[in-house]
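Report on one structure; see the data block that follows.
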Amino acid sequence: MTAAVMRPYLAERLCWIVQHHPVFQEYYYAHHYGGDRNARERYRGHEWFDDCAEFCELYDQNCFDPAYDSLPLEFFAPMVRNVFSEPRYLENLR
């Protein structure tokens with residue numbers, strides 16, 4: 001759902017990463033509850049597979065660490081406003 005909302009604002013590659021990152025993120029925790037940590041393998045061969053895996057490893061996985069030093073949301077507000085100030089990728093919606 002998030003990828004659909006973001007589609008007019010972000011490039012197709014980034015929307016694909018957002019859309020598929022939940023199954024890629026399972027690599028780090030699914031085995032703890034009997035799930036398939038390798039479920040992301042069904043997307044192996046896709047041109048953005050490595051990008052999504054890297055996103056989860058570098059930017060998503062560490063979000064589960066309560067000791068991770070992170071910036072406050074206010075730091076990101078100007079960037080979010082800039083990205084969502086106007087649709088940039090409307091051609092993807094046709």
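The way I read the labels, and the way they are meant: chains A, B, ... in the order of the structure tokens, residue 1 as the first residue of every chain, and ligand 1 as the first ligand shown, with later ones counted on from there.
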
What residues in chain A get the DSSP label alpha helix (DSSP H)? Please answer as a PyMOL selection string. chain A and resi 2-6+12-25+49-55+73-83

Residues within 12 Å of A:His20, please, as a VMD selection string. Count only C-alpha atoms; anything in the same chain fewer than 3 positions from it doesn't count. chain A and resid 1 to 4 13 to 17 23 to 26 39 to 44 46 48 to 53 55 to 56

Any chance you can output those residues with N, CA and C atoms as a PDB file, in the first residue's frame?
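What ended up in selection-v9.pdb:
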```pdb
ATOM      1  N   MET A   1       0.818  -1.173   0.000  1.00  0.00           N
ATOM      2  CA  MET A   1       0.000   0.000   0.000  1.00  0.00           C
ATOM      3  C   MET A   1       0.877   1.257   0.000  1.00  0.00           C
ATOM      4  N   THR A   2       1.924   1.238   0.789  1.00  0.00           N
ATOM      5  CA  THR A   2       2.813   2.397   0.837  1.00  0.00           C
ATOM      6  C   THR A   2       3.425   2.680  -0.519  1.00  0.00           C
ATOM      7  N   ALA A   3       3.839   1.642  -1.226  1.00  0.00           N
ATOM      8  CA  ALA A   3       4.426   1.826  -2.557  1.00  0.00           C
ATOM      9  C   ALA A   3       3.427   2.475  -3.504  1.00  0.00           C
ATOM     10  N   ALA A   4       2.168   2.117  -3.413  1.00  0.00           N
ATOM     11  CA  ALA A   4       1.148   2.705  -4.283  1.00  0.00           C
ATOM     12  C   ALA A   4       0.978   4.194  -3.994  1.00  0.00           C
ATOM     13  N   ARG A  13      12.011   2.045  -9.281  1.00  0.00           N
ATOM     14  CA  ARG A  13      12.940   1.198  -8.512  1.00  0.00           C
ATOM     15  C   ARG A  13      12.687   1.345  -7.013  1.00  0.00           C
ATOM     16  N   LEU A  14      12.536   2.569  -6.539  1.00  0.00           N
ATOM     17  CA  LEU A  14      12.309   2.789  -5.109  1.00  0.00           C
ATOM     18  C   LEU A  14      10.954   2.251  -4.662  1.00  0.00           C
ATOM     19  N   CYS A  15       9.958   2.383  -5.506  1.00  0.00           N
ATOM     20  CA  CYS A  15       8.643   1.822  -5.168  1.00  0.00           C
ATOM     21  C   CYS A  15       8.708   0.300  -5.081  1.00  0.00           C
ATOM     22  N   TRP A  16       9.463  -0.321  -5.966  1.00  0.00           N
ATOM     23  CA  TRP A  16       9.615  -1.778  -5.928  1.00  0.00           C
ATOM     24  C   TRP A  16      10.285  -2.197  -4.619  1.00  0.00           C
ATOM     25  N   ILE A  17      11.297  -1.462  -4.226  1.00  0.00           N
ATOM     26  CA  ILE A  17      11.991  -1.766  -2.972  1.00  0.00           C
ATOM     27  C   ILE A  17      11.036  -1.638  -1.789  1.00  0.00           C
ATOM     28  N   VAL A  23       9.081  -8.832   2.641  1.00  0.00           N
ATOM     29  CA  VAL A  23       9.526 -10.226   2.459  1.00  0.00           C
ATOM     30  C   VAL A  23      11.055 -10.311   2.521  1.00  0.00           C
ATOM     31  N   PHE A  24      11.747  -9.272   2.088  1.00  0.00           N
ATOM     32  CA  PHE A  24      13.207  -9.259   2.186  1.00  0.00           C
ATOM     33  C   PHE A  24      13.640  -9.123   3.640  1.00  0.00           C
ATOM     34  N   GLN A  25      12.894  -8.359   4.412  1.00  0.00           N
ATOM     35  CA  GLN A  25      13.224  -8.168   5.824  1.00  0.00           C
ATOM     36  C   GLN A  25      13.056  -9.459   6.617  1.00  0.00           C
ATOM     37  N   GLU A  26      12.182 -10.346   6.160  1.00  0.00           N
ATOM     38  CA  GLU A  26      11.984 -11.622   6.852  1.00  0.00           C
ATOM     39  C   GLU A  26      13.263 -12.447   6.930  1.00  0.00           C
ATOM     40  N   ALA A  39      12.421 -16.547   1.803  1.00  0.00           N
ATOM     41  CA  ALA A  39      11.277 -16.286   0.923  1.00  0.00           C
ATOM     42  C   ALA A  39      11.621 -15.259  -0.154  1.00  0.00           C
ATOM     43  N   ARG A  40      12.568 -14.393   0.132  1.00  0.00           N
ATOM     44  CA  ARG A  40      12.960 -13.377  -0.852  1.00  0.00           C
ATOM     45  C   ARG A  40      13.580 -13.983  -2.103  1.00  0.00           C
ATOM     46  N   GLU A  41      14.004 -15.214  -2.018  1.00  0.00           N
ATOM     47  CA  GLU A  41      14.653 -15.867  -3.165  1.00  0.00           C
ATOM     48  C   GLU A  41      13.738 -15.982  -4.375  1.00  0.00           C
ATOM     49  N   ARG A  42      12.438 -15.924  -4.161  1.00  0.00           N
ATOM     50  CA  ARG A  42      11.517 -15.984  -5.311  1.00  0.00           C
ATOM     51  C   ARG A  42      11.698 -14.779  -6.224  1.00  0.00           C
ATOM     52  N   TYR A  43      12.337 -13.719  -5.716  1.00  0.00           N
ATOM     53  CA  TYR A  43      12.589 -12.527  -6.521  1.00  0.00           C
ATOM     54  C   TYR A  43      14.018 -12.470  -7.067  1.00  0.00           C
ATOM     55  N   ARG A  44      14.807 -13.474  -6.734  1.00  0.00           N
ATOM     56  CA  ARG A  44      16.192 -13.501  -7.231  1.00  0.00           C
ATOM     57  C   ARG A  44      16.153 -13.450  -8.754  1.00  0.00           C
ATOM     58  N   HIS A  46      15.520 -10.611 -10.301  1.00  0.00           N
ATOM     59  CA  HIS A  46      14.899  -9.324 -10.617  1.00  0.00           C
ATOM     60  C   HIS A  46      15.992  -8.257 -10.585  1.00  0.00           C
ATOM     61  N   TRP A  48      16.169  -5.422  -9.380  1.00  0.00           N
ATOM     62  CA  TRP A  48      16.329  -4.651  -8.144  1.00  0.00           C
ATOM     63  C   TRP A  48      16.411  -5.531  -6.897  1.00  0.00           C
ATOM     64  N   PHE A  49      16.628  -6.828  -7.090  1.00  0.00           N
ATOM     65  CA  PHE A  49      16.774  -7.740  -5.949  1.00  0.00           C
ATOM     66  C   PHE A  49      17.900  -7.275  -5.030  1.00  0.00           C
ATOM     67  N   ASP A  50      19.080  -7.061  -5.584  1.00  0.00           N
ATOM     68  CA  ASP A  50      20.231  -6.668  -4.766  1.00  0.00           C
ATOM     69  C   ASP A  50      20.002  -5.324  -4.083  1.00  0.00           C
ATOM     70  N   ASP A  51      19.322  -4.410  -4.761  1.00  0.00           N
ATOM     71  CA  ASP A  51      19.037  -3.105  -4.164  1.00  0.00           C
ATOM     72  C   ASP A  51      18.139  -3.253  -2.940  1.00  0.00           C
ATOM     73  N   CYS A  52      17.144  -4.097  -3.037  1.00  0.00           N
ATOM     74  CA  CYS A  52      16.222  -4.310  -1.925  1.00  0.00           C
ATOM     75  C   CYS A  52      16.928  -5.017  -0.770  1.00  0.00           C
ATOM     76  N   ALA A  53      17.736  -6.008  -1.082  1.00  0.00           N
ATOM     77  CA  ALA A  53      18.486  -6.715  -0.044  1.00  0.00           C
ATOM     78  C   ALA A  53      19.431  -5.750   0.672  1.00  0.00           C
ATOM     79  N   PHE A  55      19.092  -2.439   0.893  1.00  0.00           N
ATOM     80  CA  PHE A  55      18.286  -1.512   1.688  1.00  0.00           C
ATOM     81  C   PHE A  55      17.946  -2.128   3.040  1.00  0.00           C
ATOM     82  N   CYS A  56      17.480  -3.368   3.032  1.00  0.00           N
ATOM     83  CA  CYS A  56      17.107  -4.025   4.284  1.00  0.00           C
ATOM     84  C   CYS A  56      18.312  -4.192   5.202  1.00  0.00           C
TER      85      CYS A  56
END
```

Counting only C-alpha atoms, the residue of A:Met6, A:Phe76, A:Pro87, A:Glu54 that sits nearest A:Val18: A:Met6

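Taking atom CA of A:Glu47 and atom CA of A:Val80 as the two end points, the separation is 26.4 Å.
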
Find the spatial neighbours of A:Arg88, counting only C-alpha atoms, within a cut-off of 8 Å - ignore same-chain residues fewer than 5 positions away - and output them as a count of residues only. 3

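Closest approach to A:Arg7 among A:Arg37, A:Glu74, A:Gln19, A:His31 is made by A:Gln19 (distances from only C-alpha atoms).
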
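Picture a line from atom CA of A:Gln61 to atom CA of A:Tyr29; it runs 9.7 Å.
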
One-decimal distance in Å that lies between atom CA of A:Pro72 and atom CA of A:Asp60: 15.8 Å
